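Enquirer: Input: one structure, supplied below.
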There are 2 protein chains.
Amino acid sequence: MAASTFPIALVQMRCEPNPRANLDRAVARLREAAAAGARIACLPELFLSPYFCQREDPKLFDLAEAIPGPTSERLAQVARETSLVIVASLFERRMAGVYHNTAIVLDADGSLLGRYRKMHIPDDPLYYEKYYFTPGDLGFQMFPTRWGRVGTLVCWDQWYPEAARLTALKGADILFYPTAIGWHPAEKAQFGESQHQAWELMQRSHAVANGVFVAAVNRVGHEGPADGGLEFWGASFVSDPSGTMLSRGSHDKEELLIVECDLRRVEDVRRNWPFLRDRRIDAYGDLTRRLID
Amino acid sequence: MAASTFPIALVQMRCEPNPRANLDRAVARLREAAAAGARIACLPELFLSPYFCQREDPKLFDLAEAIPGPTSERLAQVARETSLVIVASLFERRMAGVYHNTAIVLDADGSLLGRYRKMHIPDDPLYYEKYYFTPGDLGFQMFPTRWGRVGTLVCWDQWYPEAARLTALKGADILFYPTAIGWHPAEKAQFGESQHQAWELMQRSHAVANGVFVAAVNRVGHEGPADGGLEFWGASFVSDPSGTMLSRGSHDKEELLIVECDLRRVEDVRRNWPFLRDRRIDAYGDLTRRLID
């Protein structure tokens, strides 16, 4: 029987060149989270390696692996041993020429409950994801884990209210966003604060609009050439369903955030702010248009 | 030829029992705004009277008036004399038994460019709007005024990302939200700060998600019985398209906010955050469902 109140864990980490070392460190953090009582834990986006999308190089498709595969199996073992639900972001090799940015959900018994393939794919300077990732074809999903109804979305998805809404309409109580977002060092002084603020408020707004918990899990550290590259801004956080910040990590340190979530807050908040009651579903048809021009 | 940079004006005001007095004060503020160089001005929701939806009383339908009608005509005269575009929120009598919470847009030549009928109607303790207002049947709209492409949404709409998105997809560069929102005095100490924060971040998120300016215009003052009623929280504000707060009014004083907006920021921000490019319109069909269960 699932408790309504339990801690969730956010693993904010650096990602080094050696995938095996990253996996070992992630596993150590997950065991630590379980020991601290966490029921659901989430790793950052593509935590097995540096953020390789900073350049377009066909050799880097070697980083992709099948799901199930060696990484999902090792994490499944951790889930089984610790009864932790694990949300992990992997570079999925589906077939030669079709690769995805995928979040998997491992249930507390170690079974692979399902996968979410990132639906919104960015392409901006140093975030050349359209080169690597085929847009997801599984739609927006909710995973009924042993400990709670989990929604998974990935990084760029966080800017899309549609993604959060559809995941919430499927019944998710907590949205996890594995993320790899950072500053261009040359822009940081001028735009850094407003970029980080926009990122955070956008995701808190999903919590409010839908009456769900939102957990964003980012990496930290500078990656790439010393005179460029990306400085990942950390600041992993959990917002409650009213948009209140429950906990926020630093911008630059590895951290394990253990955050108590009371799922009864979802019911509470939605009774007081009954937004889902009043949606004008008769008038939303044009959301499937690119523009209304 | 429209300039790309100009001030907009937000009239944060108290609303007294006498509609004529409220209209006189609103007109004075609009003239002041025009004298200060504002090109577009917005009044709070239902500014002609106290927020009558605190109780359900059939006599209060007497407050409604036709559009065009005496109030819209007086405001049109101001628009014509000052070349100000005016967004005003009125209790519209459409026919016996059909009343709307309507925002009108008067163009700079005084013509009635159009009306938006509030689409999302709340019903919460002391906000008994479902009793008074038939839900809007005109959908989400953009008004191409002389000075800029204006979207109008009203109060409760502000909690709905769908409303902001559809209005932006129609080409609006600035969203105006005439509002009447406040605290239940008995709740304020415990929930007041988080309620106000959620309200503000939700609307700033519309600015970010859509790359538009957002202006929220609220009333101030306590209305209703001394041991209850509502304390309207003011805090009218303008957010730029990156979510940056340009200006915010006080919680308790009448104020005329004059805020410079550079519409070129819309282009700028959307080039740097090309969210509209990557919407998964093939996967949004279920947004027209109540729940996906």
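Identifiers in this document derive from the order of the structure tokens: chains are assigned A, B, ..., residues are numbered from 1 separately in each chain, and ligands are numbered from 1 in order of occurrence.
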Excluding Ala216 (chain B) and any residue of its chain fewer than 4 positions from it, enumerate the residues within 8 Å of it, using only C-alpha atoms, and give them as a PDB file with N, CA, C and O atoms, in the first residue's frame.
Expert:
ATOM      1  N   LEU B  10      -1.265  50.867 -17.249  1.00  0.00           N
ATOM      2  CA  LEU B  10      -2.110  49.973 -16.454  1.00  0.00           C
ATOM      3  C   LEU B  10      -2.766  50.816 -15.359  1.00  0.00           C
ATOM      4  O   LEU B  10      -2.069  51.420 -14.541  1.00  0.00           O
ATOM      5  N   PHE B 176      -3.231  41.404 -22.516  1.00  0.00           N
ATOM      6  CA  PHE B 176      -3.757  42.166 -21.374  1.00  0.00           C
ATOM      7  C   PHE B 176      -4.739  41.298 -20.592  1.00  0.00           C
ATOM      8  O   PHE B 176      -5.623  40.669 -21.187  1.00  0.00           O
ATOM      9  N   TYR B 177      -4.552  41.293 -19.271  1.00  0.00           N
ATOM     10  CA  TYR B 177      -5.447  40.551 -18.382  1.00  0.00           C
ATOM     11  C   TYR B 177      -6.109  41.498 -17.391  1.00  0.00           C
ATOM     12  O   TYR B 177      -5.595  41.712 -16.292  1.00  0.00           O
ATOM     13  N   PRO B 178      -7.263  42.089 -17.727  1.00  0.00           N
ATOM     14  CA  PRO B 178      -8.026  42.792 -16.683  1.00  0.00           C
ATOM     15  C   PRO B 178      -8.428  41.760 -15.626  1.00  0.00           C
ATOM     16  O   PRO B 178      -8.849  40.648 -15.978  1.00  0.00           O
ATOM     17  N   THR B 179      -8.272  42.133 -14.372  1.00  0.00           N
ATOM     18  CA  THR B 179      -8.341  41.149 -13.283  1.00  0.00           C
ATOM     19  C   THR B 179      -9.048  41.738 -12.075  1.00  0.00           C
ATOM     20  O   THR B 179      -9.003  42.944 -11.840  1.00  0.00           O
ATOM     21  N   SER B 236      -0.502  44.885 -10.004  1.00  0.00           N
ATOM     22  CA  SER B 236      -0.546  44.912 -11.468  1.00  0.00           C
ATOM     23  C   SER B 236       0.888  44.920 -11.982  1.00  0.00           C
ATOM     24  O   SER B 236       1.766  45.502 -11.352  1.00  0.00           O
ATOM     25  N   PHE B 237       1.117  44.289 -13.105  1.00  0.00           N
ATOM     26  CA  PHE B 237       2.511  44.210 -13.573  1.00  0.00           C
ATOM     27  C   PHE B 237       2.588  44.048 -15.081  1.00  0.00           C
ATOM     28  O   PHE B 237       1.601  43.691 -15.735  1.00  0.00           O
ATOM     29  N   VAL B 238       3.804  44.290 -15.593  1.00  0.00           N
ATOM     30  CA  VAL B 238       4.124  43.980 -16.986  1.00  0.00           C
ATOM     31  C   VAL B 238       5.357  43.088 -16.997  1.00  0.00           C
ATOM     32  O   VAL B 238       6.372  43.407 -16.365  1.00  0.00           O
TER      33      VAL B 238
END
Enquirer: Output the contact residues of chain A with respect to chain B at a cut-off of 9 Å, based on only C-alpha atoms, as a PyMOL selection string.
Expert: chain A and resi 119-124+137+139-140+156+159-163+165-171+194-195+197-199+201-206+208-209+242-244+272-293
Enquirer: So the first atom is CA of Ala76 (chain A) and the second is CA of Met13 (chain A); what is the distance between them in Å, to one decimal place?
Expert: 19.9 Å
Enquirer: For region 254-267 of chain B, please output as a PyMOL selection string all residues within 10 Å (counting only C-alpha atoms; exclusion window: fewer than 4 positions along the same chain).
Expert: chain B and resi 3-14+29-30+32-34+36-41+148-149+173-174+207+210-213+215+217-221+234-242+246-250+271-274
Enquirer: Using backbone DSSP assignments, extract all alpha helix (DSSP H) residues from region 136-168 of chain B; output them as a list of chain:residue names.
Expert: B:Pro161, B:Glu162, B:Ala163, B:Ala164, B:Arg165, B:Leu166, B:Thr167, B:Ala168
Enquirer: Quick one: pull the distance between CA of Asn18 (chain A) and CA of Gly224 (chain A), Å, one decimal.
Expert: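 Between CA of Asn18 (chain A) and CA of Gly224 (chain A) the gap works out to 14.8 Å.
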Enquirer: Measure the distance from CA of Lys59 (chain B) to CA of Val98 (chain B) in Å and round it to one decimal.
Expert: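 That distance, rounded to one decimal, is 14.4 Å.
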Enquirer: Residues near Arg74 (chain A), anyone? I mean within 10 Å using only C-alpha atoms, not counting same-chain ones fewer than 4 positions away, as a list in words.
Expert: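 Within the cut-off, the hits are Leu23, Asp24, Val27, Gly69, Pro70, Val78, Ala79 and Gly110 of chain A.
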